[in-house]
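Before any comments, here is the structure.
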Amino acid sequence: MKKLKIAVQKSGRLHDESLALLKDCGVYIDNGRDQLKASATNFPLEIYYLRNGDIPQYLKDGVVDCAIIGENLLVEKGEEISIASRLGFSKCRVSLAVPKTFRYNSIEDFKGKRIATSYPETTRNYLKEKGIEAELHIINGSVEIAPNIGLADAICDIVSSGSTLFKNNLKEVEVILKSEAVLAVSPTISQDANKILDKICFRIQSVLQGRDSRYVLLNAPNEKIAEIIKILPGMKSPTLLPLAEEGWSSIHSVVNRDAFWEVIEELKAAGAEGILVCPIEKMIL
């Protein structure tokens, strides 16, 4: 039976979040310690544990059908590789940073400077777009120490919390690219593998919709229902059920996680009572 071959980072935060997503999609991996490849026990899928920087080439060569990878790496090494889904986790940015003592005013300050980076293509393209000529030093790992040892005047690297920059007396001055984990697809994927990919994409979207939403139940006097429904449109329309107490109803709906607290405040002001909020495991639209 044909199996979908998917690559994930062999270790680290992206690895853990990728496996957690597959598990939430009902895909269970029978993986022994230090295996480079493993099969799902209940879905036609093989998972390959690879070095992050090698994954774009594996996609191009058709060794794997798809991969969960940082968008920043696709921009650097695989722009021709398509994205099937944005996944919303492992968010970071590729940024230019300088020593804290550097008096930075604008991108013009990088003219003629030495910039250490693991993302030469991304950095070069950004500087070219801005009309800046600078000298790039390509480094694999520990880019942030380059200014401290006199190798470079600045760096271009991925930034998540900014703590690594802070520890190395650097400050972020220009954001080149905002990135998150994506499901990337090989340009040579077969029709059979693509059918399986469609199934996993359907599951992923259901999980992500659930993560981004909250199920809300509330009680309200009947004369307030119209006003409350305007606040709670729901997926199509809220569910309305009469309560045992005459003149009252229960209203059920879904609220986007990012707008949750603002909506709750509006509901309370409109007369809602006994508001209950529940997580949503999956949401099929």
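Naming scheme: A, B, ... for chains in displayed order of the structure tokens; residues 1 onward per chain; ligands 1 onward as shown.
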Might you pull out every residue within 12 Å of range 97-105 of chain A, with only C-alpha atoms counted and same-chain residues fewer than 4 positions away left off, and present them as number ranges by chain? A: 93, 109-110, 113-117, 123, 143-150, 152-159, 162, 164-176
Counting only C-alpha atoms, which residues of range 46-163 of chain A sit at most 12 Å from some atom of range 26-31 of chain A, and what is each one's closest atom pair with its distance in Å to one decimal, listed by chain and rising residue number, as JSON lines?
```
{"residue": "A:Glu46", "atom": "CA", "partner": "A:Ile29", "partner_atom": "CA", "distance": 8.5}
{"residue": "A:Ile47", "atom": "CA", "partner": "A:Ile29", "partner_atom": "CA", "distance": 8.0}
{"residue": "A:Tyr48", "atom": "CA", "partner": "A:Asn31", "partner_atom": "CA", "distance": 10.5}
{"residue": "A:Tyr49", "atom": "CA", "partner": "A:Asn31", "partner_atom": "CA", "distance": 10.4}
```
With N, CA and C atoms kept, could you save the residues just selected as a compact mmCIF listing (two decimals), in the first residue's frame?
```txt
# COMPACT_ATOMS: atom_id res chain seq x y z
N GLU A 46 4.79 7.36 6.46
CA GLU A 46 6.12 7.12 6.99
C GLU A 46 6.74 8.45 7.36
N ILE A 47 7.37 8.51 8.50
CA ILE A 47 7.98 9.75 8.95
C ILE A 47 9.50 9.61 8.93
N TYR A 48 10.17 10.61 8.37
CA TYR A 48 11.63 10.64 8.28
C TYR A 48 12.15 11.74 9.21
N TYR A 49 13.08 11.39 10.08
CA TYR A 49 13.67 12.36 11.00
C TYR A 49 14.98 12.85 10.40
```
I'd like the interatomic distance between CA of Leu127 in chain A and CA of Leu151 in chain A, to a tenth of an Å.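 Atom-to-atom, CA of Leu127 in chain A and CA of Leu151 in chain A are spaced 19.4 Å apart.
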So the first atom is CA of Arg211 in chain A and the second is CA of Val263 in chain A; what is the distance between them in Å, to one decimal place? 17.4 Å
Separating CA of Val182 in chain A from CA of Leu96 in chain A, to the nearest tenth of an Å, is a gap of 22.9 Å
Report as a list of chain:residue names all protein, DNA and RNA residues lying within 9 Å of Asp65 in chain A, evaluated on only C-alpha atoms, omitting residues in the same chain fewer than 6 positions from it.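 Near Asp65 in chain A, the qualifying residues are A:Leu4, A:Lys5, A:Ile6, A:Ala7, A:Tyr58, A:Leu59, A:Ala184, A:Val185, A:Ser186, A:Pro187, A:Thr188, A:Ile189, A:Ser190, A:Ala193, A:Asn194, A:Leu197.
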File of the preceding selection, all heavy atoms, as a tab-separated table (two decimals), in the first residue's frame:
```tsv
chain	number	residue	atom	x	y	z
A	4	LEU	N	2.47	7.93	2.44
A	4	LEU	CA	2.95	9.30	2.34
A	4	LEU	C	4.24	9.43	3.14
A	4	LEU	O	4.28	9.09	4.33
A	4	LEU	CB	1.89	10.27	2.87
A	4	LEU	CG	2.24	11.75	2.80
A	4	LEU	CD1	2.15	12.24	1.36
A	4	LEU	CD2	1.28	12.57	3.69
A	5	LYS	N	5.31	9.93	2.52
A	5	LYS	CA	6.59	10.10	3.20
A	5	LYS	C	6.71	11.56	3.64
A	5	LYS	O	6.74	12.46	2.81
A	5	LYS	CB	7.74	9.71	2.28
A	5	LYS	CG	7.75	8.23	1.89
A	5	LYS	CD	8.86	7.90	0.92
A	5	LYS	CE	8.58	8.46	-0.45
A	5	LYS	NZ	9.58	8.03	-1.46
A	6	ILE	N	6.75	11.76	4.96
A	6	ILE	CA	6.81	13.10	5.51
A	6	ILE	C	8.07	13.27	6.35
A	6	ILE	O	8.42	12.39	7.14
A	6	ILE	CB	5.54	13.42	6.35
A	6	ILE	CG1	5.58	14.86	6.87
A	6	ILE	CG2	5.35	12.43	7.48
A	6	ILE	CD1	4.26	15.30	7.50
A	7	ALA	N	8.76	14.38	6.17
A	7	ALA	CA	9.97	14.66	6.92
A	7	ALA	C	9.67	15.65	8.04
A	7	ALA	O	8.87	16.58	7.85
A	7	ALA	CB	11.05	15.24	6.01
A	58	TYR	N	15.79	17.26	0.16
A	58	TYR	CA	15.05	16.00	0.11
A	58	TYR	C	13.70	16.20	-0.58
A	58	TYR	O	13.22	15.32	-1.30
A	58	TYR	CB	14.84	15.45	1.51
A	58	TYR	CG	16.02	14.68	2.06
A	58	TYR	CD1	17.09	15.32	2.66
A	58	TYR	CD2	16.07	13.28	1.98
A	58	TYR	CE1	18.18	14.63	3.16
A	58	TYR	CE2	17.15	12.57	2.47
A	58	TYR	CZ	18.21	13.25	3.06
A	58	TYR	OH	19.28	12.54	3.54
A	59	LEU	N	13.07	17.36	-0.36
A	59	LEU	CA	11.81	17.66	-1.02
A	59	LEU	C	12.02	17.84	-2.52
A	59	LEU	O	11.27	17.31	-3.35
A	59	LEU	CB	11.19	18.93	-0.43
A	59	LEU	CG	10.54	18.80	0.94
A	59	LEU	CD1	10.30	20.18	1.55
A	59	LEU	CD2	9.23	18.03	0.88
A	184	ALA	N	5.15	21.69	3.75
A	184	ALA	CA	5.68	21.91	2.41
A	184	ALA	C	5.57	20.64	1.58
A	184	ALA	O	5.65	19.53	2.11
A	184	ALA	CB	7.14	22.36	2.49
A	185	VAL	N	5.42	20.80	0.27
A	185	VAL	CA	5.15	19.67	-0.62
A	185	VAL	C	6.22	19.56	-1.69
A	185	VAL	O	6.60	20.56	-2.32
A	185	VAL	CB	3.76	19.80	-1.29
A	185	VAL	CG1	3.46	18.59	-2.14
A	185	VAL	CG2	2.69	20.00	-0.24
A	186	SER	N	6.69	18.35	-1.93
A	186	SER	CA	7.67	18.10	-2.99
A	186	SER	C	7.07	18.39	-4.35
A	186	SER	O	5.91	18.04	-4.62
A	186	SER	CB	8.13	16.63	-2.94
A	186	SER	OG	8.86	16.30	-4.10
A	187	PRO	N	7.83	19.02	-5.25
A	187	PRO	CA	7.32	19.26	-6.61
A	187	PRO	C	7.15	17.97	-7.41
A	187	PRO	O	6.50	17.98	-8.46
A	187	PRO	CB	8.40	20.17	-7.24
A	187	PRO	CG	9.62	19.94	-6.43
A	187	PRO	CD	9.16	19.61	-5.04
A	188	THR	N	7.69	16.85	-6.93
A	188	THR	CA	7.58	15.58	-7.65
A	188	THR	C	6.61	14.61	-6.99
A	188	THR	O	6.61	13.42	-7.31
A	188	THR	CB	8.97	14.91	-7.75
A	188	THR	OG1	9.41	14.55	-6.43
A	188	THR	CG2	9.99	15.83	-8.39
A	189	ILE	N	5.75	15.08	-6.09
A	189	ILE	CA	4.84	14.19	-5.38
A	189	ILE	C	3.93	13.45	-6.38
A	189	ILE	O	3.44	14.03	-7.36
A	189	ILE	CB	4.01	14.98	-4.34
A	189	ILE	CG1	3.18	14.02	-3.47
A	189	ILE	CG2	3.14	16.02	-5.01
A	189	ILE	CD1	2.51	14.71	-2.28
A	190	SER	N	3.71	12.17	-6.13
A	190	SER	CA	2.88	11.36	-7.02
A	190	SER	C	1.40	11.60	-6.74
A	190	SER	O	1.03	12.14	-5.69
A	190	SER	CB	3.19	9.87	-6.82
A	190	SER	OG	2.76	9.44	-5.54
A	193	ALA	N	0.30	9.66	-3.58
A	193	ALA	CA	0.74	10.33	-2.35
A	193	ALA	C	-0.05	11.61	-2.12
A	193	ALA	O	-0.36	11.96	-0.98
A	193	ALA	CB	2.24	10.63	-2.42
A	194	ASN	N	-0.39	12.29	-3.21
A	194	ASN	CA	-1.14	13.54	-3.08
A	194	ASN	C	-2.54	13.30	-2.52
A	194	ASN	O	-3.08	14.14	-1.78
A	194	ASN	CB	-1.23	14.24	-4.43
A	194	ASN	CG	-1.47	15.72	-4.30
A	194	ASN	OD1	-0.78	16.40	-3.54
A	194	ASN	ND2	-2.45	16.22	-5.02
A	197	LEU	N	-2.02	13.02	1.09
A	197	LEU	CA	-1.73	14.36	1.60
A	197	LEU	C	-3.01	15.16	1.81
A	197	LEU	O	-3.16	15.87	2.80
A	197	LEU	CB	-0.80	15.10	0.62
A	197	LEU	CG	-0.45	16.54	0.99
A	197	LEU	CD1	0.37	16.59	2.28
A	197	LEU	CD2	0.31	17.20	-0.15
```
Nearest to Lys23 in chain A, restricted to only C-alpha atoms and choosing among A:Ile225, A:Val207, A:Leu243, A:Ile55, comes out as A:Val207
Tell me, which residues of range 158-263 of chain A carry DSSP helix (DSSP H, G or I), written as a count of residues only? 43
Would you list the contacts of Ala226 in chain A as number ranges by chain, taking every protein, DNA or RNA residue within 12 Å and counting only C-alpha atoms, but skipping same-chain residues closer than 6 positions in sequence? A: 220, 232-233, 237-238, 240, 249, 251, 267, 270-272
How about saving the chosen residues, N, CA and C atoms kept, as a PDB file, in the first residue's frame?
```pdb
ATOM      1  N   ALA A 220     -29.344  33.657  28.904  1.00  0.00           N
ATOM      2  CA  ALA A 220     -29.750  35.039  28.680  1.00  0.00           C
ATOM      3  C   ALA A 220     -31.260  35.163  28.732  1.00  0.00           C
ATOM      4  N   LEU A 232     -22.571  37.162  18.755  1.00  0.00           N
ATOM      5  CA  LEU A 232     -22.164  35.767  18.557  1.00  0.00           C
ATOM      6  C   LEU A 232     -22.741  35.204  17.264  1.00  0.00           C
ATOM      7  N   PRO A 233     -22.125  35.495  16.127  1.00  0.00           N
ATOM      8  CA  PRO A 233     -22.675  34.960  14.880  1.00  0.00           C
ATOM      9  C   PRO A 233     -22.490  33.462  14.731  1.00  0.00           C
ATOM     10  N   SER A 237     -25.004  30.154  12.590  1.00  0.00           N
ATOM     11  CA  SER A 237     -25.764  30.962  13.542  1.00  0.00           C
ATOM     12  C   SER A 237     -25.702  30.252  14.884  1.00  0.00           C
ATOM     13  N   PRO A 238     -25.821  30.980  15.990  1.00  0.00           N
ATOM     14  CA  PRO A 238     -25.758  30.335  17.301  1.00  0.00           C
ATOM     15  C   PRO A 238     -26.893  29.336  17.495  1.00  0.00           C
ATOM     16  N   LEU A 240     -29.807  27.933  19.824  1.00  0.00           N
ATOM     17  CA  LEU A 240     -30.690  28.537  20.827  1.00  0.00           C
ATOM     18  C   LEU A 240     -31.584  27.460  21.423  1.00  0.00           C
ATOM     19  N   SER A 249     -33.200  31.555  27.920  1.00  0.00           N
ATOM     20  CA  SER A 249     -32.697  30.603  26.924  1.00  0.00           C
ATOM     21  C   SER A 249     -31.204  30.394  27.099  1.00  0.00           C
ATOM     22  N   ILE A 251     -27.720  29.882  24.968  1.00  0.00           N
ATOM     23  CA  ILE A 251     -27.164  30.169  23.648  1.00  0.00           C
ATOM     24  C   ILE A 251     -25.778  29.532  23.560  1.00  0.00           C
ATOM     25  N   LEU A 267     -20.630  40.409  25.787  1.00  0.00           N
ATOM     26  CA  LEU A 267     -21.727  39.534  26.184  1.00  0.00           C
ATOM     27  C   LEU A 267     -22.252  39.891  27.575  1.00  0.00           C
ATOM     28  N   ALA A 270     -24.238  42.924  27.490  1.00  0.00           N
ATOM     29  CA  ALA A 270     -25.533  42.732  26.815  1.00  0.00           C
ATOM     30  C   ALA A 270     -26.516  41.925  27.661  1.00  0.00           C
ATOM     31  N   GLY A 271     -26.096  41.432  28.834  1.00  0.00           N
ATOM     32  CA  GLY A 271     -27.003  40.715  29.718  1.00  0.00           C
ATOM     33  C   GLY A 271     -26.788  39.224  29.820  1.00  0.00           C
ATOM     34  N   ALA A 272     -25.715  38.695  29.242  1.00  0.00           N
ATOM     35  CA  ALA A 272     -25.438  37.258  29.338  1.00  0.00           C
ATOM     36  C   ALA A 272     -25.016  36.888  30.755  1.00  0.00           C
TER      37      ALA A 272
END
```
Write out as a list in words each polymer residue whose atoms come within 9 Å of range 71-77 of chain A, counting only C-alpha atoms; drop sequence neighbours fewer than 2 positions from it.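 The filter keeps Asn52, Gly53, Ile55, Pro56, Gln57, Ile69, Glu79, Glu80, Ile81, Ile83, Arg86, Cys92, Arg93, Val94, Tyr119, Pro120, Glu121, Thr122, Thr123, Ile158, Leu177, Lys178, Ser179, Glu180, Ala181, Val182, Leu183 and Ala184 of chain A.
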Name all residues at most 7 Å from range 274-285 of chain A (count only C-alpha atoms; drop same-chain ones fewer than 4 positions away) and give them as a VMD selection string. chain A and resid 206 to 207 209 to 211 213 to 219
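Here the question is which of A:Leu208, A:Ala244, A:Val255, A:Leu21 gets nearest to Ile231 in chain A using only C-alpha atoms, and that residue is A:Val255.
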Minimum-distance residue to Pro44 in chain A, chosen among A:Lys128, A:Lys60, A:Lys195, A:His15 (using only C-alpha atoms):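 For Pro44 in chain A, the nearest of the given residues is A:Lys195.
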Counting only C-alpha atoms, figure out which residue out of A:Leu45, A:Ile264, A:Val8, A:Leu19 gets nearest to Ala67 in chain A.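 Closest residue, counting only C-alpha atoms: A:Val8.
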